[in-house]
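Peer 1: Below you will find the structure I want to go over with you.
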Amino acid sequence: MSATLSLIRPDDWHVHLRDGAALQSVVPYTARQFARAIAMPNLKPPITTAEQALAYRERILAAVPAGVDFEPLMTLYLTDRTRPEDIAAAKAAGVVALKLYPAGATTNSDAGVTDIRKTYATLEAMQKAGLLLLVHGEVTDGDVDVFDREAFFIDRVMRPLRKDFPELKVVFEHITTKEAAQYVTDADRFTGATVTPQHLLYNRNAIFMGGLRPHYYCLPVLKREEHRLALIRAATSGSPRFFLGTDSAPHASVMKENSVCGAGCFTALSAIELYAEAFEVANALDKLEAFASFNGADFYGLPRNTARVTLTKTDWTLPEAVPFGEAAQLKPLRGGEVMHWKLA
Ligand SMILES: NC(=O)N[C@@H](CC(=O)O)C(=O)O
Ligand SMILES: [Zn+2]
Ligand SMILES: [Zn+2]
């Protein structure tokens, strides 16, 4: 008999579901793996109003296969022009968070915030209303090395922000460095962090293994081994501040295997299995359920799920590519390679 692992059904606190035909292709994967997911708003154009969020939610729900129980949780894209009045409307529409993309930091971030001080009245309204702020934590200043963008964000943005809005719940998304892991470990209960499977499983060597490997390129970019180890320690520490957020970010393979490769790893197909592998290697499978199924819900102030899922220790090969939208294909991270856990 192979080993099995029973978990309360997990949630994904950071995912890109895209729109249109692409959305039709990827929503079923996330809905199969997770009970709920925070749907990122970086569409083209971005989701900036409650009305757009409600319409996007309907499009996501329409792509959920019949009989699958899945709830998308909606977010708005914070811009220099988001007004405090927009926050009340967002709250009334059931939006749970706003996302801060520093302008130019990542995929579809050109409408992002140019200076966080421009958003202070809106952040004040969010703190009052209990809406969360989710941050892509990288500075874009030209003087900062790409590999240091996250560490600089802590001092230049995070610390002043926390000081000015001590009771705003902030999620430091997809952390990648020992500095961010330490910062969140030391922070109070108003600060949390998501950790992706790729940042737990790989260091930056993966991008250069025998040639340039575009499917390992995401933002924030993979870092050195010492940072990966710090993330493993944080995620398996039992601290309630760290939780699952895949940052599954599908881009058609023609866009990844291109002279300018889009940033993002697609992991929705095998996300919980990738996390199980990372936790098993760290000898911490007993910490997976809190990380995947409790800590995020608790941080967001939402009820924990009650249904359970089972993972089995068994080898299987992840498809090399799956259909994506009308004519494109999508290559999952680890595609064509052997996986060691399987979601029943
Ligand atoms: N993570 C990524 O590399 N890409 C994300 C954007 C983001 O989360 O920064 C995307 O939307 O493609
Ligand atoms: Zn991001
Ligand atoms: Zn993301």
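Residues in the structure tokens are named by chain (A, B, ... in the order shown) and by number from 1 within that chain; ligands are numbered from 1 in the order shown.
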Which residues form the shell of 12 Å around ligand 3 when you count only C-alpha atoms and all ligand atoms, given as a PyMOL selection string?

Peer 2: chain A and resi 12-18+38-43+99-101+105-109+134-137+172-175+194-196+218-221+245-250+263-267

Peer 1: Applying 7 Å and only C-alpha atoms, which residues near Trp316 (chain A) remain after dropping the ones on its own chain fewer than 3 positions away? List them as a PyMOL selection string.

Peer 2: chain A and resi 338-340

Peer 1: Tell me, in Å to one decimal, how far CA of Met126 (chain A) is from CA of Asn305 (chain A).

Peer 2: 25.7 Å

Peer 1: Could you write out, as a PDB file with N, CA and C atoms, in the first residue's frame, all the residues of region 115-241 of chain A that DSSP marks as strand (DSSP E or B)?

Peer 2:
```
ATOM      1  N   LEU A 132      -8.062  43.729   2.574  1.00  0.00           N
ATOM      2  CA  LEU A 132      -6.632  43.449   2.635  1.00  0.00           C
ATOM      3  C   LEU A 132      -5.887  44.143   1.503  1.00  0.00           C
ATOM      4  N   LEU A 133      -4.600  44.401   1.740  1.00  0.00           N
ATOM      5  CA  LEU A 133      -3.708  44.873   0.678  1.00  0.00           C
ATOM      6  C   LEU A 133      -2.737  43.738   0.347  1.00  0.00           C
ATOM      7  N   LEU A 134      -2.746  43.344  -0.916  1.00  0.00           N
ATOM      8  CA  LEU A 134      -1.838  42.289  -1.397  1.00  0.00           C
ATOM      9  C   LEU A 134      -0.737  42.990  -2.187  1.00  0.00           C
ATOM     10  N   VAL A 135       0.515  42.678  -1.912  1.00  0.00           N
ATOM     11  CA  VAL A 135       1.568  43.429  -2.597  1.00  0.00           C
ATOM     12  C   VAL A 135       2.497  42.532  -3.408  1.00  0.00           C
ATOM     13  N   VAL A 170      -1.828  43.126   5.428  1.00  0.00           N
ATOM     14  CA  VAL A 170      -1.000  43.143   4.231  1.00  0.00           C
ATOM     15  C   VAL A 170      -0.457  41.746   3.956  1.00  0.00           C
ATOM     16  N   VAL A 171      -0.627  41.279   2.725  1.00  0.00           N
ATOM     17  CA  VAL A 171      -0.004  40.010   2.323  1.00  0.00           C
ATOM     18  C   VAL A 171       1.168  40.319   1.400  1.00  0.00           C
ATOM     19  N   PHE A 172       2.332  39.929   1.847  1.00  0.00           N
ATOM     20  CA  PHE A 172       3.554  40.037   1.048  1.00  0.00           C
ATOM     21  C   PHE A 172       3.494  38.815   0.115  1.00  0.00           C
ATOM     22  N   THR A 191       0.437  41.068   9.229  1.00  0.00           N
ATOM     23  CA  THR A 191       1.248  40.799   8.033  1.00  0.00           C
ATOM     24  C   THR A 191       1.334  39.294   7.785  1.00  0.00           C
ATOM     25  N   GLY A 192       1.060  38.897   6.537  1.00  0.00           N
ATOM     26  CA  GLY A 192       1.193  37.495   6.135  1.00  0.00           C
ATOM     27  C   GLY A 192       1.968  37.412   4.837  1.00  0.00           C
ATOM     28  N   ALA A 193       2.208  36.178   4.366  1.00  0.00           N
ATOM     29  CA  ALA A 193       2.941  35.999   3.111  1.00  0.00           C
ATOM     30  C   ALA A 193       2.488  34.729   2.426  1.00  0.00           C
ATOM     31  N   THR A 194       2.442  34.782   1.089  1.00  0.00           N
ATOM     32  CA  THR A 194       2.242  33.557   0.313  1.00  0.00           C
ATOM     33  C   THR A 194       3.594  33.077  -0.190  1.00  0.00           C
ATOM     34  N   VAL A 195       3.677  31.758  -0.397  1.00  0.00           N
ATOM     35  CA  VAL A 195       4.902  31.150  -0.921  1.00  0.00           C
ATOM     36  C   VAL A 195       4.494  30.216  -2.057  1.00  0.00           C
TER      37      VAL A 195
END
```

Peer 1: Which is closer to ligand 2 than all the others in A:Tyr77, A:Pro72, A:Leu54, A:Arg156, using only C-alpha atoms and all ligand atoms?

Peer 2: A:Tyr77

Peer 1: Give me, please, the distance in Å between CA of Thr314 (chain A) and CA of Lys342 (chain A), quoted to one decimal.

Peer 2: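 We find that CA of Thr314 (chain A) and CA of Lys342 (chain A) lie 6.3 Å from each other.
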